[in-house]
$ cat final01.tsv   # TSV, C-alpha atoms
chain	number	residue	atom	x	y	z
A	1	MET	CA	53.95	274.05	-0.08
A	2	ASP	CA	51.67	275.40	-2.79
A	3	ARG	CA	50.49	277.85	-0.14
A	4	ILE	CA	53.90	279.51	-0.44
A	5	ARG	CA	54.28	279.23	-4.22
A	6	ASP	CA	50.87	280.84	-4.70
A	7	ARG	CA	52.02	283.89	-2.70
A	8	LEU	CA	55.49	284.32	-4.20
A	9	GLY	CA	56.79	287.43	-5.94
A	10	VAL	CA	59.99	289.35	-6.63
A	11	ILE	CA	61.42	292.84	-6.23
A	12	THR	CA	61.70	293.90	-9.85
A	13	ASP	CA	65.21	295.39	-9.79
A	14	GLU	CA	66.52	292.07	-8.46
A	15	VAL	CA	65.77	290.93	-12.02
A	16	SER	CA	66.38	294.02	-14.13
A	17	SER	CA	66.26	297.78	-13.89
A	18	ASP	CA	64.02	297.63	-16.97
A	19	ILE	CA	60.53	297.17	-15.60
A	20	LEU	CA	59.08	295.37	-18.62
A	21	THR	CA	61.93	292.86	-18.61
A	22	ALA	CA	61.36	292.22	-14.91
A	23	LEU	CA	57.60	291.83	-15.37
A	24	ASP	CA	58.13	289.39	-18.25
A	25	PHE	CA	60.49	287.32	-16.07
A	26	ALA	CA	58.02	287.24	-13.18
A	27	ALA	CA	55.16	286.14	-15.41
A	28	ALA	CA	57.24	283.53	-17.23
A	29	ARG	CA	58.40	282.00	-13.93
A	30	GLY	CA	54.87	281.76	-12.55
A	31	LEU	CA	55.26	284.41	-9.87
A	32	LYS	CA	52.16	286.18	-8.60
A	33	HIS	CA	53.28	289.67	-7.64
A	34	VAL	CA	56.05	292.26	-7.81
A	35	GLU	CA	57.46	294.83	-5.43
A	36	LEU	CA	58.79	298.11	-6.77
A	37	ARG	CA	62.02	299.59	-5.40
A	38	SER	CA	64.06	300.93	-8.33
A	39	ILE	CA	62.94	301.39	-11.95
A	40	ASP	CA	65.33	302.47	-14.70
A	41	SER	CA	67.94	303.10	-11.97
A	42	ARG	CA	65.59	305.57	-10.24
A	43	ASN	CA	64.01	305.18	-6.86
A	44	VAL	CA	60.37	304.14	-7.00
A	45	LEU	CA	59.35	307.43	-5.38
A	46	ALA	CA	60.63	309.27	-8.48
A	47	LEU	CA	57.88	307.70	-10.62
A	48	SER	CA	55.39	310.09	-12.17
A	49	ASP	CA	51.68	309.39	-11.92
A	50	GLU	CA	51.70	308.38	-15.58
A	51	GLU	CA	54.60	305.96	-15.09
A	52	ALA	CA	52.88	304.39	-12.08
A	53	ASP	CA	49.66	303.95	-14.05
A	54	ARG	CA	51.58	302.31	-16.90
A	55	ILE	CA	53.38	299.89	-14.59
A	56	HIS	CA	50.09	298.98	-12.93
A	57	ALA	CA	48.54	298.24	-16.30
A	58	GLU	CA	51.54	296.28	-17.57
A	59	ALA	CA	51.61	294.14	-14.42
A	60	GLU	CA	47.91	293.36	-14.68
A	61	ARG	CA	48.25	292.54	-18.38
A	62	ARG	CA	50.71	289.79	-17.38
A	63	GLY	CA	48.49	288.43	-14.60
A	64	LEU	CA	50.60	290.03	-11.87
A	65	PHE	CA	49.82	292.54	-9.14
A	66	VAL	CA	51.97	295.13	-7.39
A	67	SER	CA	52.22	293.97	-3.79
A	68	CYS	CA	54.31	296.68	-2.17
A	69	VAL	CA	56.05	300.01	-2.68
A	70	ALA	CA	59.52	299.15	-1.34
A	71	SER	CA	60.33	302.70	-0.30
A	72	PRO	CA	63.40	304.06	1.53
A	73	VAL	CA	61.22	306.02	3.95
A	74	PHE	CA	63.02	306.67	7.25
A	75	LYS	CA	66.40	305.58	5.94
A	76	CYS	CA	67.77	308.80	7.39
A	77	ALA	CA	69.26	310.11	10.62
A	78	LEU	CA	67.03	310.95	13.55
A	79	ASP	CA	69.35	313.90	14.16
A	80	ALA	CA	71.99	314.88	11.60
A	81	SER	CA	74.24	316.27	14.35
A	82	ARG	CA	74.86	312.78	15.78
A	83	PRO	CA	77.19	310.22	14.16
A	84	VAL	CA	75.22	307.21	12.96
A	85	ALA	CA	75.64	304.11	10.83
A	86	GLU	CA	74.59	304.41	7.21
A	87	GLY	CA	73.40	301.82	4.74
A	88	ASP	CA	72.02	301.82	1.21
A	89	ARG	CA	70.32	305.14	0.48
A	90	PHE	CA	68.45	303.74	-2.56
A	91	ASN	CA	69.70	306.54	-4.83
A	92	GLN	CA	68.53	309.17	-2.34
A	93	GLU	CA	70.59	311.96	-0.82
A	94	GLU	CA	70.51	312.31	2.94
A	95	ARG	CA	67.30	314.01	4.04
A	96	THR	CA	65.66	315.03	7.30
A	97	PRO	CA	62.78	313.17	9.00
A	98	ALA	CA	60.47	315.99	7.86
A	99	GLU	CA	61.49	315.39	4.25
A	100	HIS	CA	60.90	311.69	4.75
A	101	PHE	CA	57.35	312.37	5.83
A	102	ALA	CA	56.88	314.14	2.50
A	103	MET	CA	58.34	311.02	0.84
A	104	LEU	CA	55.81	308.93	2.75
A	105	GLU	CA	52.99	311.07	1.38
A	106	ARG	CA	54.26	310.44	-2.14
A	107	ALA	CA	54.67	306.72	-1.42
A	108	MET	CA	51.01	306.57	-0.34
A	109	GLU	CA	49.89	308.37	-3.51
A	110	LEU	CA	51.88	305.94	-5.65
A	111	ALA	CA	50.62	302.90	-3.73
A	112	GLU	CA	47.05	303.91	-4.47
A	113	ARG	CA	47.82	304.32	-8.18
A	114	LEU	CA	49.65	300.98	-8.27
A	115	GLY	CA	46.80	299.09	-6.62
A	116	THR	CA	48.51	298.21	-3.36
A	117	ASN	CA	48.07	299.31	0.23
A	118	ARG	CA	51.54	298.22	1.40
A	119	ILE	CA	54.63	300.40	1.86
A	120	ARG	CA	57.97	299.19	3.22
A	121	ILE	CA	59.62	301.57	5.71
A	122	PHE	CA	62.62	301.62	8.06
A	123	SER	CA	63.57	302.91	11.51
A	124	PHE	CA	66.29	305.55	10.86
A	125	TRP	CA	70.05	305.04	10.58
A	126	ARG	CA	71.37	303.09	13.52
A	127	GLU	CA	72.29	305.03	16.63
A	128	SER	CA	74.56	303.91	19.45
A	129	GLU	CA	72.36	301.92	21.85
A	130	PRO	CA	69.27	302.70	19.76
A	131	ILE	CA	66.55	301.07	21.83
A	132	GLU	CA	67.95	302.03	25.21
A	133	ARG	CA	68.51	305.71	24.36
A	134	PHE	CA	66.23	306.63	21.45
A	135	GLU	CA	63.22	304.32	21.55
A	136	ALA	CA	60.76	307.06	22.51
A	137	GLU	CA	61.92	309.31	19.66
A	138	ILE	CA	61.75	306.49	17.11
A	139	VAL	CA	58.32	305.37	18.31
A	140	ARG	CA	56.99	308.93	18.14
A	141	TYR	CA	57.93	309.20	14.46
A	142	LEU	CA	56.63	305.72	13.61
A	143	ALA	CA	53.36	306.37	15.44
A	144	ARG	CA	52.85	309.58	13.46
A	145	ALA	CA	53.54	307.69	10.23
A	146	ALA	CA	51.13	304.92	11.23
A	147	GLU	CA	48.41	307.47	11.99
A	148	LEU	CA	48.83	309.00	8.52
A	149	ALA	CA	48.80	305.56	6.92
A	150	GLU	CA	45.73	304.36	8.81
A	151	SER	CA	43.76	307.42	7.67
A	152	ARG	CA	44.33	306.29	4.06
A	153	GLY	CA	43.97	302.55	4.48
A	154	ILE	CA	47.71	301.96	4.07
A	155	LEU	CA	49.73	299.26	5.85
A	156	LEU	CA	53.32	300.18	6.74
A	157	LEU	CA	55.83	297.32	6.83
A	158	LEU	CA	58.81	297.88	9.14
A	159	GLU	CA	61.78	295.86	7.91
A	160	ASN	CA	64.56	294.49	10.09
A	161	GLU	CA	67.65	296.13	8.55
A	162	PRO	CA	71.00	295.97	10.39
A	163	SER	CA	71.99	299.52	9.38
A	164	CYS	CA	68.84	300.87	11.07
A	165	ASN	CA	67.64	301.15	14.65
A	166	GLY	CA	65.20	298.32	14.09
A	167	GLY	CA	68.08	296.23	12.89
A	168	PHE	CA	67.00	292.88	14.21
A	169	ALA	CA	63.88	290.93	14.95
A	170	ALA	CA	63.64	291.77	18.64
A	171	GLU	CA	64.06	295.47	17.89
A	172	VAL	CA	61.47	295.77	15.09
A	173	ALA	CA	59.07	293.70	17.20
A	174	ARG	CA	59.56	296.00	20.18
A	175	LEU	CA	59.08	299.17	18.08
A	176	THR	CA	56.01	297.77	16.34
A	177	ALA	CA	54.43	296.68	19.61
A	178	ALA	CA	55.16	300.08	21.17
A	179	VAL	CA	53.41	301.91	18.32
A	180	ASP	CA	50.47	299.52	18.71
A	181	SER	CA	48.71	300.44	15.47
A	182	PRO	CA	46.94	298.18	12.96
A	183	ALA	CA	48.68	300.26	10.27
A	184	LEU	CA	52.20	299.14	11.28
A	185	ARG	CA	53.45	295.56	11.03
A	186	VAL	CA	56.80	293.81	10.65
A	187	LEU	CA	58.39	292.95	7.34
A	188	TRP	CA	60.43	289.90	8.32
A	189	ASP	CA	63.69	289.28	6.43
A	190	PRO	CA	65.45	286.20	7.84
A	191	GLY	CA	68.44	286.83	5.55
A	192	ASN	CA	68.97	290.29	7.00
A	193	GLU	CA	68.99	288.77	10.48
A	194	GLN	CA	71.70	286.31	9.46
A	195	TYR	CA	73.64	289.10	7.69
A	196	GLY	CA	73.83	290.71	11.11
A	197	ASN	CA	75.12	287.47	12.63
A	198	ARG	CA	71.91	286.82	14.56
A	199	PRO	CA	70.02	283.50	14.41
A	200	SER	CA	66.91	283.99	12.30
A	201	PHE	CA	65.34	280.81	13.67
A	202	PRO	CA	64.13	280.03	16.21
A	203	ASP	CA	65.14	283.26	17.99
A	204	GLY	CA	64.39	285.82	15.31
A	205	TYR	CA	61.15	284.27	14.18
A	206	ALA	CA	59.93	283.91	17.75
A	207	ALA	CA	60.38	287.65	18.28
A	208	VAL	CA	58.31	288.72	15.25
A	209	ARG	CA	55.77	285.91	15.32
A	210	GLY	CA	52.30	287.38	15.48
A	211	LEU	CA	53.48	290.82	14.31
A	212	LEU	CA	54.67	290.10	10.78
A	213	ALA	CA	52.68	290.79	7.63
A	214	HIS	CA	55.24	290.29	4.85
A	215	VAL	CA	58.36	288.16	4.27
A	216	HIS	CA	61.46	288.82	2.15
A	217	LEU	CA	63.56	285.88	1.00
A	218	LYS	CA	67.33	285.88	0.57
A	219	ASP	CA	70.11	283.53	1.67
A	220	VAL	CA	73.58	284.17	3.03
A	221	ALA	CA	76.86	282.38	3.66
A	222	ILE	CA	79.70	283.47	5.94
A	223	ASP	CA	83.08	283.48	4.19
A	224	GLY	CA	86.46	282.56	5.65
A	225	ALA	CA	86.95	286.11	6.90
A	226	GLY	CA	83.65	285.99	8.76
A	227	LYS	CA	81.88	288.31	6.33
A	228	PRO	CA	78.39	287.56	4.98
A	229	ARG	CA	77.75	287.20	1.26
A	230	ALA	CA	74.59	286.56	-0.70
A	231	MET	CA	73.83	283.04	-1.92
A	232	PRO	CA	71.02	281.35	-3.87
A	233	ILE	CA	68.23	280.27	-1.56
A	234	GLY	CA	68.86	276.84	-0.13
A	235	SER	CA	72.66	277.04	-0.38
A	236	GLY	CA	73.26	279.35	2.56
A	237	ILE	CA	72.74	279.25	6.31
A	238	VAL	CA	69.19	280.65	6.61
A	239	PRO	CA	67.07	277.71	7.91
A	240	TYR	CA	64.21	278.18	5.48
A	241	GLU	CA	62.73	274.72	5.97
A	242	ALA	CA	62.08	275.48	9.63
A	243	HIS	CA	60.83	278.97	8.76
A	244	PHE	CA	58.32	277.76	6.20
A	245	GLN	CA	57.05	274.99	8.42
A	246	ALA	CA	56.55	277.43	11.31
A	247	LEU	CA	54.90	280.09	9.13
A	248	LEU	CA	52.40	277.60	7.72
A	249	ALA	CA	51.74	276.02	11.11
A	250	ASP	CA	51.08	279.49	12.54
A	251	GLY	CA	48.67	280.33	9.74
A	252	TYR	CA	50.70	283.20	8.30
A	253	PRO	CA	48.43	284.72	5.62
A	254	GLY	CA	50.83	287.15	3.93
A	255	LEU	CA	53.10	287.25	0.91
A	256	PHE	CA	56.67	286.14	0.18
A	257	THR	CA	59.06	288.18	-1.99
A	258	LEU	CA	62.43	287.23	-3.45
A	259	GLU	CA	65.06	289.87	-2.66
A	260	THR	CA	68.12	287.81	-3.41
A	261	HIS	CA	70.97	290.38	-3.67
A	262	TYR	CA	72.78	287.50	-5.44
A	263	VAL	CA	74.63	288.01	-8.72
A	264	PRO	CA	76.81	285.08	-9.84
A	265	GLU	CA	80.39	285.90	-10.77
A	266	GLY	CA	80.38	287.14	-14.35
A	267	GLY	CA	76.59	286.88	-14.47
A	268	THR	CA	73.56	289.12	-14.15
A	269	ALA	CA	70.98	289.95	-11.52
A	270	MET	CA	68.39	288.04	-13.53
A	271	GLU	CA	70.57	284.93	-13.56
A	272	GLY	CA	71.14	285.24	-9.81
A	273	THR	CA	67.43	285.60	-9.11
A	274	ALA	CA	66.68	282.64	-11.39
A	275	MET	CA	69.18	280.55	-9.41
A	276	ALA	CA	67.62	281.67	-6.13
A	277	LEU	CA	64.16	280.81	-7.43
A	278	ASP	CA	65.36	277.39	-8.58
A	279	GLY	CA	66.84	276.77	-5.15
A	280	LEU	CA	63.62	277.86	-3.46
A	281	THR	CA	61.53	275.66	-5.77
A	282	ALA	CA	63.69	272.62	-4.99
A	283	LEU	CA	63.41	273.32	-1.26
A	284	LEU	CA	59.62	273.62	-1.43
A	285	GLU	CA	59.34	270.41	-3.48
A	286	ARG	CA	61.44	268.58	-0.90
A	287	LEU	CA	59.24	269.86	1.91
A	288	SER	CA	56.11	268.84	0.00
A	289	SER	CA	57.38	265.30	-0.46
A	290	GLU	CA	58.25	265.06	3.24
A	291	THR	CA	54.73	266.05	4.30
A	292	ARG	CA	52.85	263.71	1.98
$ encode --input "final01.tsv" --output "structure tokens"
Amino acid sequence: MDRIRDRLGVITDEVSSDILTALDFAAARGLKHVELRSIDSRNVLALSDEEADRIHAEAERRGLFVSCVASPVFKCALDASRPVAEGDRFNQEERTPAEHFAMLERAMELAERLGTNRIRIFSFWRESEPIERFEAEIVRYLARAAELAESRGILLLLENEPSCNGGFAAEVARLTAAVDSPALRVLWDPGNEQYGNRPSFPDGYAAVRGLLAHVHLKDVAIDGAGKPRAMPIGSGIVPYEAHFQALLADGYPGLFTLETHYVPEGGTAMEGTAMALDGLTALLERLSSETR
């Protein structure tokens, strides 16, 4: 399971809003890379060129690399006149698709300064019957984004996010396949699938298999009221043993990133991420011993 440990990173604000604190944690825990989503309680897209250059240098000084700009691009309504679901806006006010294309341009500029070619994107706030009624509209926007990205050597990662039209594995796979561009691939988050009460394995993984280029790691439990809540990895219902075995057997070459969303009662995000990392480490050690 060293093939997973050697590709493991963390979203920095899952540790601390202070970027240097988060980088120190990642280096001290032997992680290899970081994703940037929020820095000093500001969205990553608010970084200046100088701030991006400094973060790039500080990461490299600690033996880390920036793996992805975890942007909120296309977390917006396709059409503001229609009622839609809404999720986390990542400290952004509601904006139009045109404004989000401007955000994508800035995300690509920042990615280049940060030394990565990967940008996480979404598929617009969830419509009623999104695939049946709005697939062509969604695909048109994603195809335009992919064309822009390909011209700059950027890879867009479309995450399964229940508040968006590509909420689940089958949906992001269908949208990605419809765009049919080497510049658009799936960011697979098994925890998000389980948050939406869908089986992440084998069903979810089977849908995205062959299309995914990045994996986020979180775990979830369902409480007595039937509501999902974040848990340290290995103590929830996401079947990570089966996932890891399948990913390695299929020759998945990409990265893994902790995005725990777990904060222990009375504790901190850093403590929650440390607990999730400990749980993941124990799980990987158990798998290693089973395959010897």
$ residues_around --input "final01.tsv" --residues "Ala143 in chain A" --least-positions-apart "4" --cutoff "8 Å" --atoms "all atoms listed in the file" --output "list in words"
Val139, Glu147, Val179 and Ser181 of chain A
$ closest_residue --input "final01.tsv" --among "A:Pro190, A:Gly166, A:Pro239, A:Pro232" --to "Pro264 in chain A" --atoms "all atoms listed in the file"
A:Pro232
$ residues_around --input "final01.tsv" --residues "His243 in chain A" --least-positions-apart "4" --cutoff "10 Å" --atoms "only C-alpha atoms" --output "list in words"
Pro190, Ser200, Phe201, Pro202, Tyr205, Val238, Pro239, Leu247, Leu248 and Ala249 of chain A
$ closest_atom_pairs --input "final01.tsv" --of "range 74-162 of chain A" --to "range 28-51 of chain A" --cutoff "12 Å" --atoms "all atoms listed in the file" --output "CSV"
residue,atom,partner,partner_atom,distance
A:Asp88,CA,A:Asn43,CA,11.9
A:Arg89,CA,A:Asn43,CA,9.7
A:Phe90,CA,A:Asn43,CA,6.3
A:Asn91,CA,A:Asn43,CA,6.2
A:Gln92,CA,A:Asn43,CA,7.5
A:Glu93,CA,A:Asn43,CA,11.2
A:His100,CA,A:Leu45,CA,11.1
A:Ala102,CA,A:Leu45,CA,10.6
A:Met103,CA,A:Leu45,CA,7.3
A:Leu104,CA,A:Leu45,CA,9.0
A:Glu105,CA,A:Leu45,CA,10.0
A:Arg106,CA,A:Leu45,CA,6.7
A:Ala107,CA,A:Leu45,CA,6.2
A:Met108,CA,A:Leu45,CA,9.8
A:Glu109,CA,A:Asp49,CA,8.7
A:Leu110,CA,A:Asp49,CA,7.2
A:Ala111,CA,A:Leu36,CA,9.9
A:Glu112,CA,A:Asp49,CA,10.3
A:Arg113,CA,A:Asp49,CA,7.4
A:Leu114,CA,A:Asp49,CA,9.4
A:Gly115,CA,A:His33,CA,11.5
A:Thr116,CA,A:Glu35,CA,9.8
A:Asn117,CA,A:Glu35,CA,11.8
A:Arg118,CA,A:Glu35,CA,9.7
A:Ile119,CA,A:Glu35,CA,9.6
A:Arg120,CA,A:Arg37,CA,9.5
A:Ile121,CA,A:Arg37,CA,11.5
$ closest_residue --input "final01.tsv" --among "A:Ala183, A:Val66, A:Ile131, A:Leu258" --to "Arg152 in chain A" --atoms "only C-alpha atoms"
A:Ala183
$ residues_around --input "final01.tsv" --residues "range 75-80 of chain A" --least-positions-apart "2" --cutoff "10 Å" --atoms "all atoms listed in the file" --output "PyMOL selection string"
chain A and resi 71-73+82-90+92-97+99-100+121-127+134+137-138+141+161+163-165
$ atom_distance --input "final01.tsv" --atom1 "CA of Pro182 in chain A" --atom2 "CA of Asp6 in chain A"
25.1 Å
$ residues_around --input "final01.tsv" --residues "Ala178 in chain A" --least-positions-apart "2" --cutoff "10 Å" --atoms "only C-alpha atoms" --output "list in words"
Glu135, Ala136, Val139, Arg140, Leu142, Ala143, Val172, Ala173, Arg174, Leu175, Thr176, Asp180 and Ser181 of chain A
$ atom_distance --input "final01.tsv" --atom1 "CA of Gln245 in chain A" --atom2 "CA of Leu283 in chain A"
11.7 Å
